[in-house]
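Novice: The structure under discussion is supplied below as structure tokens; questions concerning it will follow.
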Amino acid sequence: MGKLKSNKRNSASAGSSPYSKAQAATNNVFKFNTNVGQHILKNPGVAEAIVAKANLKPTDTVLEVGPGTGNLTVRILEKAKKVIAVELDPRMAAEVTKRVQGKPEQKRLEVLLGDVIKTELPPFDVCISNTPYQISSPLVFKLLALPNPPRTSILMFQREFALRLTARPGDPLYCRLSVNAQFFSKITHIMKVGKNNFRPPPQVESSVVRIEPKMGAERPGVSWDEWDGMLRICFVRKNRTMRASWLGTKEVLAMVERNYKVWCSANQIPIDDSELGEDEEMDLDGGGEEDDWGGIMEVDEEEDDTPAFFKEEAERILKENGVKTKSKKKKTRVAELVKEKIRKVLEDVTELADKRAGKCDENDFLRLLSAFNDEGIHFA
């Protein structure tokens with residue numbers, strides 16, 4: 001006859017023991033805040049590969065954005081002279097500090113608490129980051145805009161963002177981000193990282209890219225504000241023709257006219273801002289000119305996808321001029337002059353009027369910016 005199994009004295013209360021609860025609590029120190037992109041890289045192999053791709057020197061100072069619990073940090077410290085870790089979450093900052101407490105590496109780790117986009121960064125040679133996805137674009141352009149940008153940056157991004165960075169003209173993901181990033185740097189896709197390599201796993205796959213800023217003679221001598229201001233207009237809808245993007249939107253024409261007036265005033269160039277007579281007025285909406293334009297001014301009539309920036313700018317200009325309604329605004333000679341200058345640049349000088357932004361390369365955009373500047377049209 002079998003014997004009944006009896007629970008041991010201590011086993012009955014083992015699951016409810018206060019010691020076991022304390023042990024469970026220490027295993028889960030705190031909850032990760034995924035709202036600010038806290039997805040900790042847990043795969044040591046991936047961490048080793050990322051650090052190896054940076055080609056660190058023993059004299060390098062490395063900036064790490066979002067060190068988390070320090071899985072990348074300790075590996076960087078093995079190869080670099082110093083690590084400057086910028087962390088937004090005080091809990092994480094304390095955790096990464098604990099990883100090197102009482103060790104020789106402690107003196108070589110500096111933790112800055114705050115938002116890296118708003119923080120004034122000390123000099124550094126290399127940037128390595130498991131980047132919080134919310135600051136991907138601001139971080140890229142902050143690094144590229146530094147007076148002395150890092151020699152190389154090894155950055156982890158959401159897969160789609162990484163593909164946008166490396167996209168070429170004609171690719172579905174080619175956009176203003178692609179043009180801007182590739183204009184000022186060389187970008188290489190290094191490796192893919194699956195979401196199961198993180199704790200907690202994000203909802204999307206990731207990729208690691210290397211960004212090497214163009215330096216010396218390779219660095220473009222172009223104003224960032226001018227360049228980006230022009231691209232904003234070109235990529236309002238990247239599949240529109242340049243003619244439609246520039247001449248088919250009242251808000252764009254109003255903004256360019258205002259910029260032209262400011263440039264003329266700064267250079268003491270007189271302009272005729274008088275109103276046109278009724279027989280001289282031209283319909284900026286494209287009515288009556290469909291034969292010439294092929295109806296191109298009527299694109300996307302049902303869905304107004306003009307960025308709010310241009311709408312607000314146009315409304316402000318109308319308000320300054322004392323115009324309360326958008327309709328029946330009197331055409332001025334300077335407005336027609338600006339429109340003619342834009343037409344000349346697109347059709348006669350660059351011959352890009354019928355080309356689409358999504359198909360243009362950086363040489364096309366450089367020619368366009370140069371031609372606009374020659375006509376006194378600026379975007380800064």
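Every chain in the structure tokens takes a letter, A first, then B, and so on in the order presented; its residues are numbered from 1, and the ligands are numbered from 1 following the presented order.
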Just the residues within 8 Å of region 228-231 of chain A, please, counting only C-alpha atoms, with nothing from its chain fewer than 5 positions along; format it as a PyMOL selection string.

Specialist: chain A and resi 176+180+365+369+379-380

Novice: Write the residues of the selection above to a file with C-alpha atoms, as a PDB file, in the first residue's frame.

Specialist:
```
ATOM      1  CA  ARG A 176      14.144  64.597 -46.821  1.00  0.00           C
ATOM      2  CA  ASN A 180      20.019  65.644 -45.414  1.00  0.00           C
ATOM      3  CA  PHE A 365      19.116  69.832 -55.140  1.00  0.00           C
ATOM      4  CA  LEU A 369      19.556  75.911 -54.361  1.00  0.00           C
ATOM      5  CA  PHE A 379      15.287  79.970 -47.269  1.00  0.00           C
ATOM      6  CA  ALA A 380      17.161  80.721 -44.038  1.00  0.00           C
TER       7      ALA A 380
END
```

Novice: What parts of region 69-264 of chain A does DSSP call helix (DSSP H, G or I)? I'd like the answer as a PyMOL selection string.

Specialist: chain A and resi 73-77+90-99+104-108+133-145+159-166+176-184+195-197+216-218+224-234+242-247+250-264

Novice: Would you pick out the contacts of His39 (chain A) at 7 Å or less, using only C-alpha atoms, so that residues sharing its chain but fewer than 4 positions from it are not included, and give the list as a PyMOL selection string?

Specialist: chain A and resi 34+198-202

Novice: I'd like the interatomic distance between CA of Val126 (chain A) and CA of Leu63 (chain A), to a tenth of an Å.

Specialist: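 About the pair CA of Val126 (chain A) and CA of Leu63 (chain A): they are 6.3 Å apart.
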
Novice: Measure the distance from CA of Ala85 (chain A) to CA of Leu163 (chain A) in Å and round it to one decimal.

Specialist: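 Separating CA of Ala85 (chain A) from CA of Leu163 (chain A) is a distance of 26.5 Å.
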
Novice: With distances taken over only C-alpha atoms, which of A:Leu247, A:Leu88, A:Val65, A:Leu366 is nearest to Val338 (chain A)?

Specialist: A:Leu247

Novice: Please list as a list in words every residue within 10 Å of region 93-95 of chain A, counting only C-alpha atoms and excluding residues in the same chain fewer than 5 positions away.

Specialist: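 Neighbouring residues, sequence-local ones excluded: Val29, Gly66, Pro67, Gly68, Thr69, Gly70, Ala85, Val86, Glu87, Leu88, Val100, Gln101, Val111, Leu112, Leu113 and Gly114 of chain A.
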
Novice: Generate a file of the selected residues that holds C-alpha atoms, formatted as a PDB file, in the first residue's frame.

Specialist:
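The resulting file, again-v1.pdb, is shown below:
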```
ATOM      1  CA  VAL A  29      14.640  46.125  -9.566  1.00  0.00           C
ATOM      2  CA  GLY A  66      20.990  56.008 -23.112  1.00  0.00           C
ATOM      3  CA  PRO A  67      23.371  53.561 -21.377  1.00  0.00           C
ATOM      4  CA  GLY A  68      20.516  51.797 -19.586  1.00  0.00           C
ATOM      5  CA  THR A  69      21.919  49.209 -17.186  1.00  0.00           C
ATOM      6  CA  GLY A  70      25.414  49.466 -18.663  1.00  0.00           C
ATOM      7  CA  ALA A  85      27.089  58.451 -20.647  1.00  0.00           C
ATOM      8  CA  VAL A  86      24.019  60.689 -21.048  1.00  0.00           C
ATOM      9  CA  GLU A  87      20.934  59.247 -19.337  1.00  0.00           C
ATOM     10  CA  LEU A  88      17.462  60.748 -18.873  1.00  0.00           C
ATOM     11  CA  VAL A 100      31.696  50.096 -12.118  1.00  0.00           C
ATOM     12  CA  GLN A 101      31.559  51.145  -8.466  1.00  0.00           C
ATOM     13  CA  VAL A 111      27.382  60.124 -16.216  1.00  0.00           C
ATOM     14  CA  LEU A 112      25.408  63.191 -17.337  1.00  0.00           C
ATOM     15  CA  LEU A 113      21.784  63.244 -16.219  1.00  0.00           C
ATOM     16  CA  GLY A 114      19.417  64.884 -18.705  1.00  0.00           C
TER      17      GLY A 114
END
```

Novice: With DSSP run on the backbone, what are the strand (DSSP E or B) residues within region 173-245 of chain A? I'd like them as a list in words.

Specialist: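 Listing strand (DSSP E or B) positions across region 173-245 of chain A yields Ser185, Lys186, Ile187, Thr188, His189, Ile190, Met191, Lys192, Val193, Phe198, Arg199, Ser206, Ser207, Val208, Val209, Arg210, Ile211, Glu212, Pro213 and Thr241 of chain A.
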
Novice: I need the residue nearest Thr131 (chain A) from this list: A:Ile377, A:Ala357, A:Ile211, A:Met156. Use only C-alpha atoms for the distance.

Specialist: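 That would be A:Met156, the residue with the smallest distance to Thr131 (chain A).
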